[in-house]
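Below is the file upload.tsv, which contains TSV, C-alpha atoms.
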chain	number	residue	atom	x	y	z
A	177	MET	CA	3.90	21.54	-16.03
A	178	SER	CA	1.98	18.52	-17.21
A	179	LEU	CA	0.27	16.23	-14.76
A	180	ASN	CA	0.28	12.48	-14.89
A	181	ARG	CA	-2.98	10.53	-14.91
A	182	GLN	CA	-3.28	10.09	-11.17
A	183	GLN	CA	-2.51	13.72	-10.45
A	184	ARG	CA	-5.00	14.81	-13.08
A	185	GLU	CA	-7.77	12.66	-11.63
A	186	LYS	CA	-7.05	14.04	-8.18
A	187	PHE	CA	-7.14	17.57	-9.50
A	188	VAL	CA	-10.42	16.98	-11.35
A	189	THR	CA	-12.04	15.49	-8.24
A	190	SER	CA	-11.05	18.37	-5.99
A	191	HIS	CA	-11.93	20.91	-8.67
A	192	MET	CA	-15.40	19.44	-9.21
A	193	ASN	CA	-15.99	19.09	-5.49
A	194	GLN	CA	-15.17	22.72	-4.92
A	195	LYS	CA	-17.50	23.84	-7.71
A	196	TYR	CA	-20.29	21.62	-6.43
A	197	ASN	CA	-19.85	22.90	-2.88
A	198	LEU	CA	-19.96	26.49	-4.09
A	199	VAL	CA	-23.29	25.83	-5.80
A	200	HIS	CA	-24.70	24.56	-2.51
A	201	MET	CA	-23.22	27.37	-0.47
A	202	ALA	CA	-24.45	30.08	-2.82
A	203	SER	CA	-28.06	29.01	-2.53
A	204	LEU	CA	-28.11	29.66	1.21
A	205	THR	CA	-25.55	32.38	1.82
A	206	GLY	CA	-25.41	34.58	-1.20
A	207	PRO	CA	-28.05	36.27	-3.28
A	208	PRO	CA	-29.95	33.85	-5.53
A	209	GLN	CA	-28.49	35.40	-8.65
A	210	LEU	CA	-25.05	33.99	-7.78
A	211	SER	CA	-26.19	30.39	-7.61
A	212	GLY	CA	-27.02	30.40	-11.30
A	213	LEU	CA	-23.49	31.57	-12.12
A	214	TYR	CA	-21.93	28.91	-9.93
A	215	LEU	CA	-24.15	26.21	-11.39
A	216	LYS	CA	-23.18	27.21	-14.91
A	217	SER	CA	-19.54	27.14	-13.89
A	218	PHE	CA	-20.01	23.65	-12.43
A	219	TYR	CA	-21.66	22.36	-15.60
A	220	ASN	CA	-18.91	23.92	-17.72
A	221	ALA	CA	-16.26	22.25	-15.56
A	222	ALA	CA	-18.01	18.91	-15.97
A	223	LYS	CA	-18.09	19.43	-19.71
A	224	ARG	CA	-14.43	20.43	-19.83
A	225	ASN	CA	-13.38	17.41	-17.79
A	226	ARG	CA	-15.69	15.13	-19.83
A	227	LEU	CA	-17.58	13.90	-16.82
A	228	GLN	CA	-20.98	12.31	-17.11
A	229	LEU	CA	-22.93	13.53	-14.13
A	230	PRO	CA	-25.75	11.54	-12.53
A	231	GLU	CA	-29.23	12.19	-13.80
A	232	HIS	CA	-30.54	13.80	-10.63
A	233	ILE	CA	-27.83	16.47	-10.90
A	234	THR	CA	-28.18	17.15	-14.61
A	235	GLY	CA	-31.95	16.49	-14.76
A	236	ASP	CA	-34.05	19.49	-15.58
A	237	GLY	CA	-35.33	21.08	-12.40
A	238	THR	CA	-35.01	18.13	-10.06
A	239	LYS	CA	-32.15	19.22	-7.84
A	240	PHE	CA	-31.55	22.73	-9.14
A	241	CYS	CA	-34.08	25.31	-10.22
A	242	GLY	CA	-34.21	25.43	-14.00
A	243	LYS	CA	-34.53	29.22	-14.07
A	244	CYS	CA	-32.36	30.67	-11.31
A	245	GLY	CA	-30.11	27.65	-10.71
A	246	CYS	CA	-30.37	27.54	-6.92
A	247	VAL	CA	-30.29	24.25	-5.05
A	248	ARG	CA	-33.79	23.23	-4.11
A	249	ILE	CA	-34.20	23.14	-0.33
A	250	GLY	CA	-37.64	22.06	0.79
A	251	GLY	CA	-39.20	24.58	3.14
A	252	VAL	CA	-36.59	27.24	2.40
A	253	ASN	CA	-36.67	28.10	-1.28
A	254	VAL	CA	-39.12	25.62	-2.76
A	255	ARG	CA	-42.78	24.89	-2.15
A	256	GLN	CA	-43.78	21.39	-3.15
A	257	ARG	CA	-47.29	20.07	-3.62
A	258	LEU	CA	-48.68	16.80	-4.90
A	259	GLU	CA	-51.74	17.18	-7.07
A	260	ASP	CA	-54.15	14.74	-8.64
A	261	VAL	CA	-54.59	15.25	-12.35
A	262	SER	CA	-56.11	13.47	-15.30
A	263	ASP	CA	-54.04	10.82	-17.10
A	264	GLU	CA	-53.32	12.94	-20.19
A	265	LEU	CA	-51.61	15.68	-18.22
A	266	SER	CA	-49.57	13.40	-16.00
A	267	ASN	CA	-48.08	11.46	-18.92
A	268	GLY	CA	-49.30	8.03	-17.87
A	269	GLY	CA	-49.21	8.70	-14.14
A	270	ASN	CA	-52.09	10.14	-12.18
A	271	GLN	CA	-50.37	12.62	-9.89
A	272	VAL	CA	-48.14	15.60	-10.45
A	273	LEU	CA	-45.54	16.96	-8.07
A	274	SER	CA	-45.19	20.69	-8.54
A	275	TYR	CA	-42.17	22.66	-7.39
A	276	GLU	CA	-42.49	26.39	-6.98
A	277	CYS	CA	-39.20	28.18	-6.57
A	278	LEU	CA	-39.62	30.87	-3.91
A	279	ASP	CA	-36.62	32.83	-5.24
A	280	CYS	CA	-37.70	33.30	-8.83
A	281	GLY	CA	-41.28	31.98	-8.82
A	282	ASP	CA	-40.56	29.35	-11.46
A	283	LEU	CA	-43.08	26.48	-11.57
A	284	LYS	CA	-42.02	22.98	-12.49
A	285	SER	CA	-44.16	19.86	-12.43
A	286	PHE	CA	-43.16	16.21	-12.54
A	287	PRO	CA	-45.57	13.38	-13.38
A	288	ILE	CA	-45.66	10.75	-10.66
A	289	LYS	CA	-47.25	7.35	-10.56
A	290	ARG	CA	-49.31	6.52	-7.52
A	291	THR	CA	-47.50	5.01	-4.59
A	292	GLY	CA	-47.23	1.29	-4.83
A	293	VAL	CA	-44.78	-1.55	-4.70
A	294	ARG	CA	-41.80	-1.24	-6.97
A	295	GLU	CA	-41.80	-3.60	-9.89
A	296	ASN	CA	-39.10	-6.23	-10.40
A	297	THR	CA	-37.58	-5.67	-7.01
A	298	GLY	CA	-35.98	-9.11	-6.88
A	299	LYS	CA	-35.56	-8.81	-3.12
A	300	PRO	CA	-37.67	-10.42	-0.44
A	301	VAL	CA	-39.81	-8.31	1.83
A	302	ALA	CA	-37.92	-7.64	5.05
A	303	GLY	CA	-39.32	-8.16	8.51
A	304	PRO	CA	-41.24	-10.86	10.34
A	305	PHE	CA	-44.49	-9.93	8.63
A	306	THR	CA	-43.27	-11.01	5.21
A	307	GLU	CA	-45.74	-13.74	4.34
A	308	SER	CA	-48.82	-11.92	5.56
A	309	MET	CA	-47.90	-8.87	3.55
A	310	ARG	CA	-47.11	-10.86	0.45
A	311	SER	CA	-50.54	-12.39	0.51
A	312	LYS	CA	-52.02	-8.89	0.65
A	313	MET	CA	-49.97	-7.68	-2.28
A	314	PRO	CA	-50.46	-9.73	-5.44
A	315	GLY	CA	-48.30	-7.26	-7.36
A	316	ILE	CA	-45.13	-8.58	-5.75
A	317	LYS	CA	-45.76	-12.17	-6.75
A	318	GLU	CA	-46.62	-11.25	-10.31
A	319	ALA	CA	-43.61	-8.98	-10.64
A	320	GLN	CA	-41.26	-11.58	-9.21
A	321	LYS	CA	-42.76	-14.26	-11.41
A	322	SER	CA	-42.38	-12.17	-14.54
A	323	GLY	CA	-38.90	-11.14	-13.43
A	324	SER	CA	-37.75	-14.71	-12.95
A	325	GLU	CA	-39.29	-15.72	-16.26
A	326	ASN	CA	-37.59	-12.94	-18.13
A	327	GLY	CA	-34.36	-13.43	-16.26
A	328	ILE	CA	-34.53	-9.92	-14.84
A	329	GLY	CA	-34.88	-10.87	-11.22
A	330	LYS	CA	-31.80	-13.11	-11.20
A	331	ARG	CA	-28.39	-11.55	-10.96
A	332	SER	CA	-25.67	-13.64	-12.53
A	333	SER	CA	-22.06	-13.04	-11.73
A	334	ALA	CA	-19.35	-12.64	-14.37
A	335	LYS	CA	-17.96	-16.04	-13.45
A	336	GLU	CA	-21.32	-17.70	-14.05
A	337	ARG	CA	-21.76	-15.92	-17.35
A	338	ALA	CA	-18.30	-17.01	-18.50
A	339	LYS	CA	-19.11	-20.57	-17.53
A	340	LYS	CA	-22.34	-20.38	-19.48
A	341	ARG	CA	-20.50	-19.04	-22.53
A	342	LYS	CA	-18.05	-21.91	-22.35
A	343	LEU	CA	-20.82	-24.47	-22.14
A	344	SER	CA	-22.75	-23.01	-25.04
A	345	THR	CA	-20.09	-23.75	-27.69
A	346	LEU	CA	-21.12	-25.77	-30.75
A	347	SER	CA	-19.10	-28.86	-29.82
A	348	ASN	CA	-20.55	-28.87	-26.33
A	349	LEU	CA	-24.09	-28.56	-27.63
A	350	LEU	CA	-23.52	-31.42	-30.11
A	351	SER	CA	-22.09	-33.70	-27.46
A	352	LYS	CA	-25.00	-32.85	-25.18
A	353	LYS	CA	-27.46	-33.68	-27.94
A	354	ASN	CA	-25.69	-37.00	-28.67
A	355	GLY	CA	-25.71	-37.81	-24.99
A	356	GLU	CA	-29.43	-37.29	-24.83
A	357	LYS	CA	-30.01	-39.63	-27.79
A	358	GLN	CA	-28.01	-42.54	-26.38
A	359	PRO	CA	-29.57	-44.35	-23.41
A	360	LYS	CA	-27.73	-43.96	-20.20
A	361	LYS	CA	-25.42	-46.81	-19.31
A	362	SER	CA	-24.94	-47.51	-15.68
A	363	SER	CA	-21.49	-48.32	-14.38
A	364	LEU	CA	-22.83	-51.33	-12.49
A	365	LEU	CA	-22.83	-54.82	-14.03
A	366	ASN	CA	-26.14	-55.84	-15.51
A	367	LEU	CA	-27.33	-59.47	-15.65
A	368	GLU	CA	-28.98	-58.99	-19.06
A	369	ASP	CA	-25.65	-58.12	-20.69
A	370	PHE	CA	-24.18	-61.45	-19.58
A	371	LEU	CA	-27.24	-63.37	-20.79
A	372	LYS	CA	-27.01	-61.77	-24.30
A	373	LYS	CA	-23.42	-62.93	-24.66
B	200	MET	CA	-1.20	5.16	-36.43
B	201	SER	CA	-2.43	3.62	-33.24
B	202	SER	CA	-2.43	-0.09	-32.49
B	203	LEU	CA	-5.44	-2.12	-31.38
B	204	LYS	CA	-4.04	-2.23	-27.88
B	205	GLN	CA	-3.83	1.55	-27.74
B	206	LEU	CA	-7.35	1.87	-29.12
B	207	SER	CA	-8.73	-0.45	-26.46
B	208	ARG	CA	-6.93	1.53	-23.79
B	209	SER	CA	-8.37	4.83	-24.94
B	210	GLY	CA	-11.94	3.48	-24.91
B	211	PRO	CA	-14.72	5.02	-22.85
B	212	ARG	CA	-14.15	4.72	-19.13
B	213	LYS	CA	-16.81	4.25	-16.52
B	214	GLN	CA	-17.19	7.37	-14.43
B	215	THR	CA	-17.68	7.05	-10.71
B	216	TYR	CA	-19.63	9.70	-8.84
B	217	THR	CA	-18.53	8.78	-5.34
B	218	PRO	CA	-16.19	11.75	-4.91
B	219	ILE	CA	-18.97	14.22	-5.63
B	220	LEU	CA	-21.82	12.43	-3.89
B	221	ASN	CA	-19.76	11.38	-0.85
B	222	ASN	CA	-18.37	14.83	-0.51
B	223	PRO	CA	-18.16	15.66	3.24
B	224	PHE	CA	-19.76	19.03	2.57
B	225	THR	CA	-22.87	17.87	0.74
B	226	GLN	CA	-23.04	14.22	1.95
B	227	GLU	CA	-25.69	13.20	-0.52
B	228	ALA	CA	-25.04	9.50	-0.03
B	229	HIS	CA	-26.02	9.70	3.66
B	230	LEU	CA	-29.22	11.70	3.56
B	231	TRP	CA	-31.38	8.87	4.87
B	232	PRO	CA	-30.53	7.52	8.32
B	233	HIS	CA	-29.32	3.95	8.27
B	234	ILE	CA	-31.30	1.87	10.78
B	235	GLU	CA	-29.43	-1.22	11.84
B	236	ASN	CA	-32.20	-3.00	13.71
B	237	HIS	CA	-34.85	-2.34	11.08
B	238	ARG	CA	-36.88	-5.46	11.93
B	239	LEU	CA	-37.43	-4.31	15.49
B	240	VAL	CA	-38.30	-0.79	14.38
B	241	ALA	CA	-40.73	-2.14	11.77
B	242	GLU	CA	-42.40	-4.37	14.33
B	243	VAL	CA	-42.72	-1.51	16.84
B	244	VAL	CA	-44.18	0.78	14.20
B	245	LYS	CA	-46.55	-1.91	13.01
B	246	SER	CA	-47.86	-2.88	16.42
B	247	HIS	CA	-47.92	0.54	18.13
B	248	VAL	CA	-48.48	3.00	15.31
B	249	THR	CA	-50.17	1.56	12.24
B	250	ALA	CA	-52.29	-1.11	13.96
B	251	PRO	CA	-53.99	1.32	16.42
B	252	LEU	CA	-54.61	3.78	13.58
B	253	ALA	CA	-56.11	1.05	11.40
B	254	LEU	CA	-58.28	-0.17	14.27
B	255	ALA	CA	-59.54	3.34	14.98
B	256	ARG	CA	-60.37	3.78	11.32
B	257	ASP	CA	-62.24	0.49	11.19
B	258	LEU	CA	-64.26	1.36	14.28
B	259	ARG	CA	-64.75	4.91	13.01
B	260	GLN	CA	-63.31	6.32	16.16
B	261	GLN	CA	-60.85	9.11	16.75
B	262	ALA	CA	-57.21	8.12	16.41
B	263	PRO	CA	-55.49	7.47	19.77
B	264	PHE	CA	-52.70	9.93	18.88
B	265	ASP	CA	-52.22	12.81	16.48
B	266	ALA	CA	-51.13	11.59	13.09
B	267	LEU	CA	-51.00	12.95	9.57
B	268	CYS	CA	-51.09	10.97	6.36
B	269	GLY	CA	-50.26	12.03	2.83
B	270	PHE	CA	-47.51	14.04	1.23
B	271	ASN	CA	-49.15	17.46	1.16
B	272	SER	CA	-50.35	17.58	4.74
B	273	ILE	CA	-47.00	16.32	6.05
B	274	VAL	CA	-44.97	18.77	3.96
B	275	GLN	CA	-47.23	21.63	5.08
B	276	HIS	CA	-46.82	20.60	8.70
B	277	LEU	CA	-43.02	20.48	8.38
B	278	GLU	CA	-42.85	23.79	6.51
B	279	ASN	CA	-45.04	25.62	9.01
B	280	PRO	CA	-45.31	23.63	12.24
B	281	PRO	CA	-48.10	24.81	14.54
B	282	LEU	CA	-47.05	26.57	17.73
B	283	PRO	CA	-46.03	25.34	20.24
B	284	THR	CA	-43.87	23.01	18.18
B	285	SER	CA	-43.68	19.44	19.37
B	286	PRO	CA	-41.29	16.78	18.08
B	287	VAL	CA	-42.57	14.48	15.37
B	288	PHE	CA	-41.84	11.05	13.95
B	289	LEU	CA	-41.85	10.86	10.19
B	290	PHE	CA	-42.29	7.31	8.89
B	291	VAL	CA	-41.44	6.94	5.23
B	292	CYS	CA	-41.65	3.85	3.04
B	293	ASN	CA	-38.78	5.12	0.92
B	294	LYS	CA	-38.19	1.72	-0.67
B	295	ASP	CA	-41.79	1.35	-1.76
B	296	VAL	CA	-42.38	4.81	-3.17
B	297	ASN	CA	-41.98	4.64	-6.93
B	298	SER	CA	-40.58	8.06	-7.70
B	299	GLU	CA	-37.30	9.35	-6.37
B	300	ILE	CA	-38.27	12.96	-6.83
B	301	LEU	CA	-41.08	12.56	-4.31
B	302	LEU	CA	-38.49	11.51	-1.72
B	303	ALA	CA	-35.71	13.88	-2.78
B	304	GLN	CA	-36.62	16.79	-0.52
B	305	ILE	CA	-37.90	14.83	2.48
B	306	PRO	CA	-34.57	14.30	4.34
B	307	ILE	CA	-33.62	17.93	3.70
B	308	LEU	CA	-37.02	19.18	4.85
B	309	ALA	CA	-36.71	17.06	8.00
B	310	ARG	CA	-33.41	18.77	8.83
B	311	VAL	CA	-34.54	22.26	7.93
B	312	SER	CA	-37.90	22.12	9.70
B	313	ARG	CA	-38.39	24.12	12.90
B	314	CYS	CA	-39.77	21.13	14.74
B	315	GLN	CA	-37.56	18.24	15.78
B	316	VAL	CA	-38.05	15.48	13.21
B	317	THR	CA	-37.07	11.85	13.73
B	318	LEU	CA	-36.92	10.38	10.26
B	319	VAL	CA	-37.68	6.65	10.20
B	320	ALA	CA	-37.11	4.86	6.91
B	321	LEU	CA	-39.16	1.67	6.84
B	322	PRO	CA	-38.23	-1.58	5.12
B	323	ARG	CA	-39.47	-2.68	1.73
B	324	GLY	CA	-43.08	-3.84	1.68
B	325	PHE	CA	-44.17	-1.93	4.77
B	326	VAL	CA	-46.46	0.27	2.68
B	327	ALA	CA	-49.18	-2.41	2.97
B	328	ASN	CA	-49.56	-1.49	6.64
B	329	PHE	CA	-50.15	2.14	5.72
B	330	ASP	CA	-53.03	1.17	3.44
B	331	ALA	CA	-55.11	0.15	6.43
B	332	CYS	CA	-54.48	3.53	8.13
B	333	ASP	CA	-55.33	5.80	5.24
B	334	PRO	CA	-55.71	4.99	1.54
B	335	HIS	CA	-54.17	8.35	0.53
B	336	HIS	CA	-50.96	8.00	2.48
B	337	ASP	CA	-48.48	8.34	-0.46
B	338	GLY	CA	-45.99	6.31	1.60
B	339	PHE	CA	-45.71	8.89	4.39
B	340	LEU	CA	-47.02	8.96	7.94
B	341	LEU	CA	-46.29	11.64	10.52
B	342	VAL	CA	-46.95	11.10	14.21
B	343	ILE	CA	-46.81	14.04	16.58
B	344	ASP	CA	-44.97	13.14	19.76
B	345	ASN	CA	-47.21	14.84	22.32
B	346	ASP	CA	-48.98	13.60	25.46
B	347	LYS	CA	-51.24	11.29	23.48
B	348	PHE	CA	-48.36	9.24	22.09
B	349	ASP	CA	-46.82	6.53	24.26
B	350	ARG	CA	-43.55	7.84	25.71
B	351	GLN	CA	-41.95	4.42	25.99
B	352	ILE	CA	-42.54	3.73	22.32
B	353	ALA	CA	-41.18	7.14	21.42
B	354	ALA	CA	-38.08	6.49	23.50
B	355	LYS	CA	-37.61	3.06	21.94
B	356	LEU	CA	-37.90	4.49	18.45
B	357	ARG	CA	-35.41	7.27	19.21
B	358	GLN	CA	-33.03	4.71	20.68
B	359	ASN	CA	-33.02	2.60	17.52
B	360	VAL	CA	-33.03	5.37	14.96
B	361	PRO	CA	-29.64	7.08	14.56
B	362	GLU	CA	-29.40	10.82	14.61
B	363	PRO	CA	-29.28	12.35	11.15
B	364	THR	CA	-25.88	13.28	9.76
B	365	ILE	CA	-25.11	16.97	9.88
B	366	LEU	CA	-25.14	18.62	6.50
B	367	PRO	CA	-22.66	21.52	6.70
B	368	TRP	CA	-24.14	23.29	3.70
B	369	LEU	CA	-27.47	23.62	5.52
B	370	GLN	CA	-25.84	25.23	8.56
B	371	TYR	CA	-25.07	28.53	6.86
B	372	GLU	CA	-27.11	31.64	7.44
B	373	PRO	CA	-27.96	34.08	4.68
B	374	ALA	CA	-25.31	36.75	4.21
B	375	LYS	CA	-26.26	40.38	4.70
B	376	ILE	CA	-24.46	41.45	1.55
B	377	SER	CA	-26.69	42.04	-1.42
B	378	LEU	CA	-25.79	42.72	-5.03
B	379	VAL	CA	-23.61	45.76	-5.73
B	380	ALA	CA	-24.38	47.72	-8.87
B	381	SER	CA	-21.20	47.88	-10.96
B	382	THR	CA	-20.22	48.48	-14.57
B	383	THR	CA	-17.83	46.81	-16.99
B	384	PRO	CA	-16.43	48.22	-20.25
B	385	VAL	CA	-18.21	46.97	-23.35
B	386	ARG	CA	-15.79	45.54	-25.92
B	387	SER	CA	-16.94	44.58	-29.36
B	388	LYS	CA	-15.44	41.38	-30.73
B	389	GLY	CA	-14.48	42.88	-34.09
B	390	LYS	CA	-12.20	45.61	-32.75
B	391	PRO	CA	-9.01	44.41	-31.10
B	392	VAL	CA	-7.83	46.21	-28.00
B	393	PRO	CA	-4.85	48.47	-28.86
B	394	LYS	CA	-1.66	47.45	-27.13
B	395	SER	CA	-0.23	49.96	-24.76
B	396	ARG	CA	3.37	50.94	-25.47

Will you turn the file into C-alpha cells for me?
Amino acid sequence: MSLNRQQREKFVTSHMNQKYNLVHMASLTGPPQLSGLYLKSFYNAAKRNRLQLPEHITGDGTKFCGKCGCVRIGGVNVRQRLEDVSDELSNGGNQVLSYECLDCGDLKSFPIKRTGVRENTGKPVAGPFTESMRSKMPGIKEAQKSGSENGIGKRSSAKERAKKRKLSTLSNLLSKKNGEKQPKKSSLLNLEDFLKK
Amino acid sequence: MSSLKQLSRSGPRKQTYTPILNNPFTQEAHLWPHIENHRLVAEVVKSHVTAPLALARDLRQQAPFDALCGFNSIVQHLENPPLPTSPVFLFVCNKDVNSEILLAQIPILARVSRCQVTLVALPRGFVANFDACDPHHDGFLLVIDNDKFDRQIAAKLRQNVPEPTILPWLQYEPAKISLVASTTPVRSKGKPVPKSR
C-alpha cells in the first residue's frame, strides 16, 4: 500500500521520533553497548528518509559519545572539564572543553574561545542597566557598528527586499539620475518666473 | 521528460527539526527555563548577588554568602555536592557565552544533580556584572542557599523563576538486565542458503 505525501511525512516523523527516543532511553536504562546500536539505527533512518539533522545531533561527540554512542548526560556518564591551553592546541581559542565518557573512557576535546560578548548580536542589551553596561563593553559598540556598516545587523523582510529590487531597475536608476541633475522646481508660483516673461 | 514546473516542484525542500526537538520525550527546545520577568530577576541578581560579591572583592573581604565562580568548580560542585546538600542558585549568562557546547550539559546537569538547583538564565549583556565578581567566571555563578544568603531574596528568585520542565528520559533508572551471551550462525555471502523442500 503506497502512502500519500502527508501520510509519509507523518510516518517519517513518528518513525524518527521513536528512534531518537530509543537512543535516549538506552543510555540510561540499558547497557551502554545498546546505545551505539540504536544511534546507528537512528542515523541510518535519517539517511534513508533523506533528513538533514541539526549539527548538534550529527556533530562528532557533542551530544553523543563518538565511541560508544551513548547520549552525554553531565554528571552521569560524562565528566567535563574546562582547561586553559596554548593557542596552537586550541585552534585559535584559548580554552579546551574536554569530555570524558565514563562508559567507555573516550576523551574528546573541543576548542572554546574565552567567554565574552557575542559578536554581531544586533539586539539591544536587556534590562535597566543597559547604558552603563554598554559603556563598560566597547566590544558591543564596535560589533554593532561593523554589523550596521556591513548590513549584517539589519534584518530586511522579503517585502522590503522585493521593493528594493523593483527600485533598482535600469529605468528607475536613470530617472533618478536625471532627477538629480535637474534643479528642483517648486509647485508654488515664483515672482522671478513672471519677471523673465 | 519532465517540465520546468515539475523540476521546480522536486527541488530541495527545507527540513524542519521541530518534531524531533520538540518531542515530548526529549524536550530539547525547553531545556532552559523561560523567565518572563527577566528585568526584575536581573535587577535582583545585580543588586543582591553580584554587587555584594564585587564589593567584597574590592575591599578584600570575605564574601557575604557562599558562592562559586567558573565552569570547573561549579560542575564539580553539581556532580558531587558536599554533604549535607543545600539548594543552590545557578546563574548563567547563556546569551553571552560564545560556545554552545559549554552550555549544552548545564541544564541536564542541573536536573540530574543531587542538590536542588534553581537555574536562572540571565539576559544578554549581564556578563559584565560577573567580571567585577571574579575575572575567571566563564559566564557562570553558583550561590549556595544556606543561612548566609538572604531568604527573602531567595524566595523572590524562586517565585520569578519557573520550575524546570520534566524530562521523561532522565527519569528512568538503570535496568538490572545485563548483556546475555548468545550466538548466531555465520553465513558467508558467496554461498546461498539451500531452500528447504

> When you draw a straight line from atom CA of A:Gly355 to atom CA of A:Glu336, how long is it in Å?
Replying inline: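 Between atom CA of A:Gly355 and atom CA of A:Glu336 the gap is 23.3 Å.
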
>> Could you tell me how far atom CA of B:Asn293 sits from atom CA of B:Arg323, in Å to one decimal place?
In response: 7.9 Å

> Within 9 Å of (-41.7, 23.5, 9.9), in the coordinates the file gives, what residues turn up when you count only C-alpha atoms, written out as a VMD selection string?
Replying inline: (chain A and resid 251) or (chain B and resid 274 to 281 284 308 to 309 311 to 315)

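Using only C-alpha atoms, the nearest neighbour of chain A within the list B:Val360, B:Leu301, B:Ile352, B:Val287 is B:Leu301.
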
>> If I take atom CA of A:Leu278 and atom CA of A:Val254, how far is one from the other in Å, to one decimal?
In response: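 Rounded to one decimal, the two atoms are 5.4 Å apart.
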
> Once you count only C-alpha atoms, which residues of chain B turn out to be within 6 Å of chain A? Could you give them as a list in words?
Replying inline: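 Matching residues, ligands excluded from the count: Ile219, Arg238, Asn271, Glu278, Asp295, Val296, Asn297, Gln304, Leu308, Arg323, Gly324, Asp337, Trp368, Glu372, Pro373 and Ala374 of chain B.
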
> Of the residues B:Asn222, B:Asn359, B:Thr317, B:Gln351, which is the one nearest to B:Val240, using all atoms listed in the file?
Replying inline: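 Among the listed residues, the smallest separation from B:Val240 belongs to B:Asn359.
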
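The residue that comes closest to B:Pro232, out of B:His336, B:Arg310, B:His247, B:Arg350 and on the basis of all atoms listed in the file, is B:Arg310.
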
> Excluding same-chain residues fewer than 2 positions from B:Asn328, what lies within 9 Å of it counting all atoms listed in the file, as a ChimeraX atom specification?
Replying inline: /A:309 /B:245,249-250,253,324-326,330-332

Using 4 Å of padding on each side, determine the axis-aligned box around all atoms of stretch 240-253 of chain A present in the file and give its centre and edge lengths in Å to one decimal, as lines of an AutoDock Vina configuration file.
center_x = -34.7
center_y = 26.4
center_z = -5.5
size_x = 17.1
size_y = 16.6
size_z = 25.2
